[in-house]
file run-v2.cif (mmCIF, C-alpha atoms)
data_structure
loop_
_atom_site.label_atom_id
_atom_site.label_comp_id
_atom_site.auth_asym_id
_atom_site.auth_seq_id
_atom_site.Cartn_x
_atom_site.Cartn_y
_atom_site.Cartn_z
CA MET A 808 -12.20 14.36 -1.02
CA SER A 809 -11.85 15.21 -4.70
CA LEU A 810 -10.38 12.79 -7.21
CA ASN A 811 -7.26 14.94 -7.38
CA ALA A 812 -6.87 14.60 -3.61
CA THR A 813 -7.13 10.79 -3.63
CA PRO A 814 -4.03 9.42 -1.87
CA SER A 815 -1.64 7.52 -4.15
CA ALA A 816 -2.05 4.36 -2.06
CA ASN A 817 -5.81 4.36 -2.75
CA ARG A 818 -5.47 4.76 -6.53
CA VAL A 819 -5.50 1.97 -9.12
CA HIS A 820 -1.86 1.29 -10.05
CA ILE A 821 -1.37 0.45 -13.75
CA GLY A 822 2.07 -0.86 -14.67
CA PHE A 823 3.45 -0.98 -18.22
CA PHE A 824 5.96 -3.79 -18.80
CA GLY A 825 7.87 -5.32 -21.70
CA CYS A 826 11.17 -5.52 -23.53
CA ARG A 827 13.39 -2.58 -24.34
CA ASN A 828 12.21 -0.56 -27.32
CA ALA A 829 8.82 -2.29 -27.47
CA GLY A 830 7.26 1.15 -27.16
CA LYS A 831 6.09 1.06 -23.53
CA SER A 832 6.66 4.77 -23.01
CA SER A 833 4.96 5.62 -26.30
CA ILE A 834 1.90 3.59 -25.31
CA VAL A 835 1.89 5.30 -21.89
CA ASN A 836 1.87 8.70 -23.58
CA ALA A 837 -0.86 7.63 -26.00
CA VAL A 838 -3.09 6.29 -23.23
CA THR A 839 -2.66 9.32 -20.98
CA GLY A 840 -2.70 11.92 -23.73
CA GLN A 841 0.36 13.49 -22.11
CA ASP A 842 4.12 13.31 -22.57
CA LEU A 843 4.58 11.54 -19.25
CA ALA A 844 7.39 9.26 -20.37
CA LEU A 845 10.59 10.04 -22.25
CA VAL A 846 10.50 8.45 -25.72
CA SER A 847 13.51 7.54 -27.86
CA ASP A 848 14.54 5.02 -30.50
CA VAL A 849 17.47 4.10 -28.27
CA ALA A 850 16.81 0.84 -26.39
CA GLY A 851 16.79 1.26 -22.62
CA THR A 852 15.75 4.93 -22.46
CA THR A 853 13.65 4.26 -19.34
CA THR A 854 16.16 3.28 -16.66
CA ASP A 855 13.97 3.36 -13.52
CA PRO A 856 10.26 2.90 -12.86
CA VAL A 857 8.60 6.27 -13.43
CA GLN A 858 5.19 6.91 -11.91
CA LYS A 859 2.62 9.64 -12.30
CA THR A 860 -0.64 10.18 -10.42
CA MET A 861 -3.42 11.37 -12.67
CA GLU A 862 -7.04 10.87 -13.70
CA LEU A 863 -7.75 8.43 -16.49
CA LEU A 864 -11.23 7.85 -17.84
CA PRO A 865 -13.06 5.56 -17.41
CA LEU A 866 -11.06 4.51 -14.32
CA GLY A 867 -10.78 7.79 -12.40
CA PRO A 868 -7.77 8.44 -10.13
CA VAL A 869 -4.85 6.18 -11.09
CA VAL A 870 -1.08 5.85 -10.81
CA ILE A 871 0.63 5.13 -14.15
CA VAL A 872 3.96 3.31 -13.82
CA ASP A 873 6.37 3.05 -16.78
CA THR A 874 9.10 0.46 -16.19
CA PRO A 875 12.54 -0.31 -17.68
CA GLY A 876 12.88 -3.07 -20.26
CA PHE A 877 12.65 -6.49 -18.66
CA ASP A 878 15.37 -7.76 -20.98
CA ASP A 879 17.95 -5.24 -19.74
CA VAL A 880 21.47 -6.66 -19.32
CA GLY A 881 24.62 -6.10 -17.28
CA MET A 882 24.91 -5.25 -13.59
CA LEU A 883 22.85 -2.08 -13.95
CA GLY A 884 20.36 -3.95 -16.12
CA GLU A 885 19.88 -6.62 -13.46
CA ALA A 886 19.22 -3.93 -10.86
CA ARG A 887 16.64 -2.33 -13.16
CA VAL A 888 14.93 -5.68 -13.73
CA LEU A 889 14.78 -6.20 -9.97
CA ARG A 890 13.09 -2.81 -9.54
CA THR A 891 10.64 -3.75 -12.27
CA LYS A 892 9.80 -6.98 -10.41
CA ARG A 893 9.21 -4.97 -7.23
CA THR A 894 6.81 -2.75 -9.16
CA LEU A 895 4.61 -5.82 -9.66
CA ASN A 896 4.01 -5.92 -5.90
CA ARG A 897 1.99 -2.71 -6.05
CA THR A 898 0.44 -3.18 -9.50
CA ASN A 899 -3.34 -3.65 -9.77
CA ILE A 900 -3.41 -3.98 -13.57
CA ALA A 901 -0.49 -4.92 -15.82
CA VAL A 902 -0.05 -3.91 -19.45
CA LEU A 903 2.45 -6.00 -21.41
CA VAL A 904 3.67 -4.03 -24.43
CA VAL A 905 5.05 -6.24 -27.22
CA ASP A 906 6.79 -5.13 -30.40
CA ALA A 907 4.33 -6.53 -32.94
CA THR A 908 7.03 -6.69 -35.62
CA ALA A 909 9.10 -9.04 -33.43
CA GLY A 910 6.30 -11.02 -31.79
CA MET A 911 6.18 -12.50 -28.30
CA ARG A 912 9.64 -13.29 -26.90
CA ASP A 913 10.71 -15.52 -24.03
CA VAL A 914 10.95 -12.45 -21.79
CA ASP A 915 7.34 -11.55 -22.63
CA ASP A 916 6.23 -15.07 -21.73
CA GLN A 917 8.16 -14.76 -18.48
CA LEU A 918 6.28 -11.57 -17.63
CA VAL A 919 2.93 -13.22 -18.37
CA GLY A 920 3.96 -15.99 -15.99
CA LEU A 921 4.73 -13.43 -13.29
CA PHE A 922 1.36 -11.72 -13.80
CA GLU A 923 -0.44 -15.03 -13.43
CA GLU A 924 1.69 -16.09 -10.46
CA LYS A 925 0.89 -12.84 -8.64
CA ASN A 926 -2.75 -12.93 -9.75
CA ILE A 927 -2.52 -9.57 -11.54
CA PRO A 928 -5.12 -8.97 -14.27
CA PHE A 929 -3.34 -8.02 -17.47
CA VAL A 930 -3.68 -7.12 -21.13
CA VAL A 931 -1.16 -7.67 -23.93
CA VAL A 932 -0.71 -4.75 -26.34
CA HIS A 933 0.93 -5.57 -29.67
CA ASN A 934 2.38 -2.15 -30.48
CA LYS A 935 3.71 -0.83 -33.81
CA ALA A 936 0.80 -2.38 -35.71
CA ASP A 937 1.19 0.36 -38.34
CA LEU A 938 4.38 -1.43 -39.45
CA LEU A 939 2.68 -4.80 -40.01
CA THR A 940 1.73 -6.26 -43.37
CA THR A 941 -1.79 -7.52 -44.00
CA ALA A 942 -0.58 -11.10 -43.63
CA GLN A 943 1.16 -10.32 -40.34
CA ARG A 944 -2.01 -8.70 -38.99
CA ALA A 945 -4.05 -11.76 -39.94
CA ALA A 946 -1.57 -14.08 -38.23
CA LEU A 947 -1.55 -11.92 -35.11
CA ALA A 948 -5.35 -11.95 -34.96
CA LYS A 949 -5.25 -15.77 -34.86
CA THR A 950 -2.46 -16.15 -32.29
CA GLY A 951 -2.89 -13.06 -30.11
CA GLY A 952 -5.17 -14.66 -27.55
CA ALA A 953 -8.02 -13.26 -25.47
CA HIS A 954 -5.78 -10.77 -23.67
CA ALA A 955 -4.38 -9.21 -26.87
CA ILE A 956 -4.98 -5.76 -28.38
CA VAL A 957 -3.46 -4.71 -31.71
CA ALA A 958 -2.34 -1.11 -31.33
CA SER A 959 -0.09 1.65 -32.59
CA ALA A 960 1.14 4.46 -30.39
CA HIS A 961 2.04 6.29 -33.60
CA THR A 962 -1.45 6.27 -35.20
CA GLY A 963 -3.58 5.88 -32.07
CA GLU A 964 -5.01 2.55 -33.21
CA GLY A 965 -6.21 0.39 -30.31
CA VAL A 966 -5.69 3.10 -27.66
CA ASP A 967 -9.40 3.56 -26.89
CA GLU A 968 -9.85 -0.21 -26.77
CA LEU A 969 -6.97 -0.41 -24.28
CA LYS A 970 -8.53 2.27 -22.07
CA ASN A 971 -11.85 0.43 -22.06
CA ARG A 972 -10.12 -2.86 -21.26
CA LEU A 973 -8.29 -1.22 -18.34
CA GLY A 974 -11.62 0.09 -17.06
CA ALA A 975 -13.09 -3.41 -17.17
CA LEU A 976 -10.08 -4.87 -15.34
CA ALA A 977 -10.05 -2.25 -12.56
CA PRO A 978 -10.71 -3.71 -9.09
CA LYS A 979 -14.26 -3.05 -7.97
CA GLN A 980 -14.65 -0.78 -4.95
CA ASP A 981 -16.35 -2.42 -1.98
CA PRO A 982 -18.68 0.18 -0.40
CA ASP A 983 -18.30 -1.59 2.95
CA HIS A 984 -14.50 -1.28 2.86
CA ARG A 985 -14.14 1.63 5.27
CA LEU A 986 -11.50 2.86 7.67
CA LEU A 987 -14.00 3.34 10.51
CA GLY A 988 -17.28 4.47 8.95
CA ASP A 989 -18.86 1.05 9.47
CA LEU A 990 -18.19 1.29 13.22
CA VAL A 991 -20.34 4.36 13.92
CA MET A 992 -23.88 5.55 13.26
CA PRO A 993 -25.08 8.90 11.89
CA GLY A 994 -25.21 11.58 14.58
CA GLU A 995 -22.77 9.81 16.93
CA PHE A 996 -19.65 11.51 18.27
CA VAL A 997 -16.20 10.16 17.40
CA VAL A 998 -13.24 11.61 19.29
CA LEU A 999 -9.97 11.59 17.35
CA VAL A 1000 -6.90 12.11 19.55
CA CYS A 1001 -4.05 13.63 17.54
CA PRO A 1002 -0.90 14.46 19.55
CA ILE A 1003 1.12 17.42 18.30
CA ASP A 1004 4.78 16.79 19.06
CA GLU A 1005 8.14 17.22 17.34
CA SER A 1006 7.40 14.38 14.90
CA ALA A 1007 3.99 15.74 13.82
CA PRO A 1008 3.99 17.23 10.30
CA LYS A 1009 3.92 21.02 10.33
CA GLY A 1010 0.60 22.56 9.41
CA ARG A 1011 -1.25 19.33 8.70
CA LEU A 1012 -2.48 16.01 10.05
CA ILE A 1013 -0.94 12.69 9.04
CA LEU A 1014 -2.80 10.75 6.34
CA PRO A 1015 -4.62 8.21 8.60
CA GLN A 1016 -5.95 11.09 10.70
CA GLN A 1017 -7.17 12.90 7.57
CA MET A 1018 -8.79 9.71 6.31
CA ALA A 1019 -10.51 9.17 9.67
CA VAL A 1020 -11.97 12.69 9.72
CA ARG A 1021 -13.32 12.28 6.20
CA ASP A 1022 -14.77 8.82 6.86
CA VAL A 1023 -16.54 10.05 10.00
CA LEU A 1024 -18.07 12.90 8.00
CA ASP A 1025 -19.08 10.57 5.16
CA SER A 1026 -20.89 8.43 7.74
CA GLY A 1027 -22.97 11.33 9.01
CA ALA A 1028 -21.25 11.11 12.39
CA ILE A 1029 -19.53 14.00 14.17
CA ALA A 1030 -15.73 14.19 14.39
CA VAL A 1031 -14.26 15.84 17.47
CA VAL A 1032 -10.49 16.33 17.19
CA CYS A 1033 -8.26 17.09 20.16
CA ARG A 1034 -4.83 16.42 21.64
CA GLU A 1035 -4.32 13.92 24.43
CA THR A 1036 -3.71 16.85 26.77
CA GLU A 1037 -7.27 18.09 26.16
CA LEU A 1038 -8.99 14.70 26.04
CA ALA A 1039 -10.32 14.71 29.60
CA HIS A 1040 -11.77 18.20 29.15
CA THR A 1041 -13.23 17.21 25.76
CA LEU A 1042 -15.01 14.15 27.14
CA GLU A 1043 -16.37 16.19 30.03
CA ARG A 1044 -17.66 18.97 27.76
CA LEU A 1045 -19.33 16.56 25.33
CA GLY A 1046 -21.96 15.81 27.95
CA HIS A 1047 -22.38 12.17 26.94
CA LYS A 1048 -20.16 9.29 25.93
CA PRO A 1049 -18.78 9.16 22.39
CA ALA A 1050 -19.38 6.12 20.22
CA LEU A 1051 -15.65 5.71 19.67
CA VAL A 1052 -12.28 7.16 20.64
CA VAL A 1053 -9.41 6.77 18.18
CA THR A 1054 -5.91 7.73 19.28
CA ASP A 1055 -2.45 7.97 17.86
CA SER A 1056 -0.74 4.81 19.10
CA GLN A 1057 1.98 6.78 20.88
CA ALA A 1058 -0.63 8.13 23.30
CA PHE A 1059 -2.28 4.77 24.02
CA GLY A 1060 -1.13 4.63 27.64
CA VAL A 1061 -2.41 8.12 28.52
CA VAL A 1062 -5.62 7.93 26.48
CA SER A 1063 -6.65 4.52 27.83
CA LYS A 1064 -6.50 5.86 31.39
CA ILE A 1065 -8.66 8.88 30.53
CA THR A 1066 -11.23 7.13 28.33
CA PRO A 1067 -14.00 5.33 30.34
CA ASN A 1068 -13.69 1.57 30.03
CA ASP A 1069 -17.14 1.25 28.47
CA VAL A 1070 -16.19 3.57 25.59
CA PRO A 1071 -14.68 1.73 22.59
CA LEU A 1072 -11.03 2.67 22.07
CA THR A 1073 -8.61 1.87 19.27
CA SER A 1074 -5.82 3.54 17.28
CA PHE A 1075 -5.34 4.93 13.79
CA SER A 1076 -2.63 2.32 13.17
CA ILE A 1077 -4.91 -0.56 14.15
CA LEU A 1078 -7.65 0.80 11.91
CA MET A 1079 -5.13 0.98 9.06
CA ALA A 1080 -4.12 -2.64 9.66
CA ARG A 1081 -7.76 -3.64 9.29
CA TYR A 1082 -8.21 -1.39 6.24
CA LYS A 1083 -5.14 -2.89 4.54
CA GLY A 1084 -6.26 -6.43 5.36
CA PHE A 1085 -3.63 -7.66 7.82
CA LEU A 1086 -5.16 -7.08 11.27
CA HIS A 1087 -5.60 -10.80 12.03
CA THR A 1088 -1.98 -11.48 11.07
CA ALA A 1089 -0.72 -8.48 13.05
CA VAL A 1090 -2.56 -9.52 16.23
CA ALA A 1091 -1.25 -13.09 15.92
CA GLY A 1092 2.29 -11.89 15.20
CA VAL A 1093 2.57 -9.55 18.18
CA ALA A 1094 2.82 -12.52 20.55
CA ALA A 1095 6.42 -12.89 19.32
CA VAL A 1096 7.32 -9.74 21.28
CA GLU A 1097 7.13 -11.69 24.52
CA GLY A 1098 9.52 -14.33 23.17
CA LEU A 1099 12.29 -12.00 21.98
CA LYS A 1100 15.73 -12.66 23.41
CA ASP A 1101 19.19 -11.08 23.42
CA GLY A 1102 20.63 -10.74 19.95
CA ASP A 1103 17.33 -11.14 18.07
CA ALA A 1104 16.92 -8.89 15.04
CA VAL A 1105 13.70 -6.93 14.56
CA LEU A 1106 12.86 -5.29 11.23
CA MET A 1107 11.08 -1.93 11.49
CA ALA A 1108 9.47 -1.41 8.07
CA GLU A 1109 7.95 1.85 6.88
CA GLY A 1110 6.04 2.37 3.67
CA CYS A 1111 7.02 6.03 3.29
CA THR A 1112 10.30 7.94 3.22
CA HIS A 1113 9.51 10.89 5.49
CA HIS A 1114 12.20 13.04 7.06
CA ARG A 1115 12.97 11.39 10.39
CA GLN A 1116 13.04 13.51 13.52
CA CYS A 1117 15.28 12.88 16.52
CA ASN A 1118 12.42 11.05 18.28
CA ASP A 1119 11.04 9.17 15.28
CA ILE A 1120 8.36 6.60 16.13
CA GLY A 1121 9.67 3.73 13.98
CA THR A 1122 13.42 4.10 14.37
CA VAL A 1123 13.70 5.52 17.87
CA LYS A 1124 10.63 5.27 20.08
CA ILE A 1125 9.36 1.74 19.37
CA PRO A 1126 12.89 0.23 19.40
CA ARG A 1127 13.51 1.93 22.77
CA TRP A 1128 10.20 0.68 24.15
CA LEU A 1129 10.84 -2.83 22.82
CA ARG A 1130 14.22 -3.03 24.54
CA ALA A 1131 12.73 -1.75 27.79
CA HIS A 1132 9.71 -4.08 27.60
CA THR A 1133 11.73 -7.21 26.83
CA SER A 1134 14.87 -6.28 28.80
CA CYS A 1135 16.78 -7.64 25.82
CA ASP A 1136 19.63 -6.36 23.69
CA LEU A 1137 17.83 -6.37 20.35
CA GLN A 1138 19.27 -5.65 16.91
CA ILE A 1139 17.01 -3.13 15.21
CA LYS A 1140 17.09 -2.99 11.41
CA THR A 1141 15.07 -0.57 9.31
CA CYS A 1142 13.76 -0.22 5.77
CA SER A 1143 11.56 2.44 4.22
CA GLY A 1144 9.71 3.32 1.06
CA ARG A 1145 9.58 0.54 -1.50
CA GLU A 1146 12.73 -1.16 -0.23
CA PHE A 1147 11.60 -4.31 1.55
CA PRO A 1148 13.85 -7.38 1.86
CA GLU A 1149 12.50 -10.55 0.29
CA ASP A 1150 14.68 -12.70 2.56
CA LEU A 1151 13.40 -12.25 6.12
CA SER A 1152 15.16 -15.25 7.63
CA LEU A 1153 17.49 -13.01 9.67
CA TYR A 1154 14.61 -11.54 11.67
CA ALA A 1155 12.68 -12.74 14.68
CA LEU A 1156 9.90 -10.22 14.04
CA VAL A 1157 8.75 -7.73 11.40
CA VAL A 1158 7.00 -4.59 12.70
CA HIS A 1159 5.36 -2.66 9.87
CA CYS A 1160 3.82 0.79 9.87
CA GLY A 1161 0.12 1.22 9.10
CA GLY A 1162 0.89 1.24 5.38
CA CYS A 1163 -1.09 4.37 4.54
CA MET A 1164 1.37 5.40 1.80
CA ILE A 1165 1.55 2.07 -0.05
CA THR A 1166 -1.15 0.02 -1.74
CA GLU A 1167 -3.07 -2.74 -0.02
CA ARG A 1168 -1.59 -5.12 -2.57
CA GLU A 1169 1.97 -4.21 -1.54
CA VAL A 1170 1.22 -4.53 2.17
CA GLN A 1171 -0.34 -7.93 1.51
CA TYR A 1172 2.75 -8.96 -0.45
CA ARG A 1173 5.02 -8.04 2.46
CA MET A 1174 2.80 -9.89 4.90
CA LYS A 1175 2.83 -12.95 2.62
CA CYS A 1176 6.64 -12.85 2.41
CA ALA A 1177 6.79 -13.05 6.21
CA GLU A 1178 4.13 -15.76 6.49
CA ASP A 1179 5.80 -17.94 3.85
CA GLN A 1180 9.08 -17.76 5.81
CA GLY A 1181 7.47 -18.30 9.20
CA ILE A 1182 8.39 -14.82 10.47
CA PRO A 1183 5.84 -13.08 12.78
CA PHE A 1184 4.44 -9.93 11.15
CA THR A 1185 2.71 -7.14 13.07
CA ASN A 1186 2.43 -3.35 13.03
CA TYR A 1187 3.30 -0.28 15.06
CA GLY A 1188 -0.09 0.18 16.72
CA ILE A 1189 -0.46 -3.47 17.70
CA VAL A 1190 3.03 -3.57 19.22
CA ILE A 1191 2.44 -0.40 21.23
CA ALA A 1192 -0.93 -1.70 22.44
CA GLN A 1193 0.75 -4.94 23.52
CA MET A 1194 3.47 -3.12 25.46
CA THR A 1195 1.01 -0.72 27.13
CA GLY A 1196 -1.41 -3.49 28.11
CA THR A 1197 -4.23 -2.08 25.95
CA LEU A 1198 -4.29 -4.64 23.12
CA GLU A 1199 -7.35 -6.55 24.32
CA ARG A 1200 -9.32 -3.35 24.71
CA SER A 1201 -8.18 -1.89 21.38
CA VAL A 1202 -9.53 -4.84 19.35
CA ARG A 1203 -12.87 -5.33 21.14
CA LEU A 1204 -14.47 -3.47 18.24
CA PHE A 1205 -13.62 -6.39 15.97
CA PRO A 1206 -15.28 -9.56 17.39
CA LYS A 1207 -13.41 -12.10 15.24
CA VAL A 1208 -10.04 -10.55 16.01
CA HIS A 1209 -10.94 -10.25 19.70
CA ASP A 1210 -11.94 -13.93 19.82
CA GLN A 1211 -8.65 -14.81 18.10
CA LEU A 1212 -6.74 -12.91 20.77
CA GLN A 1213 -8.71 -14.45 23.62
CA LYS A 1214 -8.06 -17.98 22.34
CA ALA A 1215 -4.38 -17.24 21.89
#

call {"tool": "encode", "arguments": {"input": "run-v2.cif", "output": "structure tokens"}}
result
Amino acid sequence: MSLNATPSANRVHIGFFGCRNAGKSSIVNAVTGQDLALVSDVAGTTTDPVQKTMELLPLGPVVIVDTPGFDDVGMLGEARVLRTKRTLNRTNIAVLVVDATAGMRDVDDQLVGLFEEKNIPFVVVHNKADLLTTAQRAALAKTGGAHAIVASAHTGEGVDELKNRLGALAPKQDPDHRLLGDLVMPGEFVVLVCPIDESAPKGRLILPQQMAVRDVLDSGAIAVVCRETELAHTLERLGHKPALVVTDSQAFGVVSKITPNDVPLTSFSILMARYKGFLHTAVAGVAAVEGLKDGDAVLMAEGCTHHRQCNDIGTVKIPRWLRAHTSCDLQIKTCSGREFPEDLSLYALVVHCGGCMITEREVQYRMKCAEDQGIPFTNYGIVIAQMTGTLERSVRLFPKVHDQLQKA
């Protein structure tokens, strides 16, 4: 997969924050070398978070996010500030842009507090340094702090230093952090079961399926892709047992009956839960399904905003299966994209998608919101495995998670 093809969710997200007219958009343009953000002398020109996927040396593939001023006012201003706060949930590195001629304000200090609270590495850029006197520069050098860079979007001063600082702050890639490559050996067969139905994207595979194919190839193993309707024939023609079968969760019931019991079986959604770091939580949370009762509200949360078909998995199929499995009249609520409620007290259970379209940091934030409020948090694949009686088998690949389930 080329750098240009790196999914947005797997890119380093760099957010630019600060007061109105501090020059955030100008710094964004200076760092990227492109006119990505609209620039004006009018305070509040940026009214919504604007993001752009690109390549930025020395980091590589990144997502640049320019945000509205954090000191915006009025009803619309409050809404913009709220969106800026939500941007923090997917930010890997924060850049606080300060108007050097005005100095740090209370709002800037508030943002620094939020960065520290959310454990986001950050750098403070004192912009408009070309307008400072020699005395002001000297004072800034003494009070700026270890995080500070003196810069000017107008002259380019400090821009290279900022790029290098961002490179140093970028999260280090763990070579062992794989979707499934650590589960197979070179030369082994991996069968990927990809149903093609009315909800399948036309002319392409969904992102977790693409990621699985690539990870199998990167591991030196052999990817065999088929539909559930051809699985039996595929296994027969292979001549020997595959090292692993991975299925779309919707086909769990059918695939588990066809796949020999001694062949490891799991789903793309369960692999994504592990990849995003919430598999343990999802397996623990799914037990709440068996305790649901009439009137309970369940939140179906999706990280993307795809066009929903008449038989959509998150809004139609799983809710229907949940009602049938529990024999309860459940209230099903939905959210998608970056809209995720911070107050989850109304819900008896949160069922999240695999999270392939949002960052690991944002998925972890959502999971933490649920944990802090005592609300069970699980995902699509785990719920379907629970309802089809295949959960124990689908997590055998992961000894610690399997032990957790057995003890529960």

call {"tool": "atom_distance", "arguments": {"input": "run-v2.cif", "atom1": "atom CA of Thr1073 of chain A", "atom2": "atom CA of Glu1035 of chain A"}}
result
13.8 Å

call {"tool": "residues_around", "arguments": {"input": "run-v2.cif", "residues": "Asp913 of chain A", "least_positions_apart": "5", "cutoff": "10 Å", "atoms": "all atoms listed in the file", "output": "mmCIF file with C-alpha atoms, in the coordinates of the input"}}
result
data_model
loop_
_atom_site.group_PDB
_atom_site.id
_atom_site.type_symbol
_atom_site.label_atom_id
_atom_site.label_comp_id
_atom_site.auth_asym_id
_atom_site.auth_seq_id
_atom_site.Cartn_x
_atom_site.Cartn_y
_atom_site.Cartn_z
ATOM 1 C CA ASP A 878 15.370 -7.760 -20.980
ATOM 2 C CA LEU A 918 6.280 -11.570 -17.630
ATOM 3 C CA VAL A 919 2.930 -13.220 -18.370
#

call {"tool": "closest_residue", "arguments": {"input": "run-v2.cif", "among": "A:Ser815, A:Thr839, A:Ser1152, A:Asn1118", "to": "Leu864 of chain A", "atoms": "all atoms listed in the file"}}
result
A:Thr839

call {"tool": "closest_residue", "arguments": {"input": "run-v2.cif", "among": "A:Ala975, A:Met1164, A:Val998, A:Ile1077", "to": "Ala1089 of chain A", "atoms": "all atoms listed in the file"}}
result
A:Ile1077

call {"tool": "closest_residue", "arguments": {"input": "run-v2.cif", "among": "A:Cys1142, A:Leu969, A:Ile1182, A:Leu1042", "to": "Pro1067 of chain A", "atoms": "all atoms listed in the file"}}
result
A:Leu1042

call {"tool": "resolve_selection", "arguments": {"input": "run-v2.cif", "expression": "the PyMOL selection byres ((chain A and resi 1170) around 10)", "output": "count of residues only"}}
result
24

call {"tool": "residues_around", "arguments": {"input": "run-v2.cif", "residues": "Ala837 of chain A", "least_positions_apart": "4", "cutoff": "8 Å", "atoms": "all atoms listed in the file", "output": "ChimeraX atom specification"}}
result
/A:833,841,960,963,966
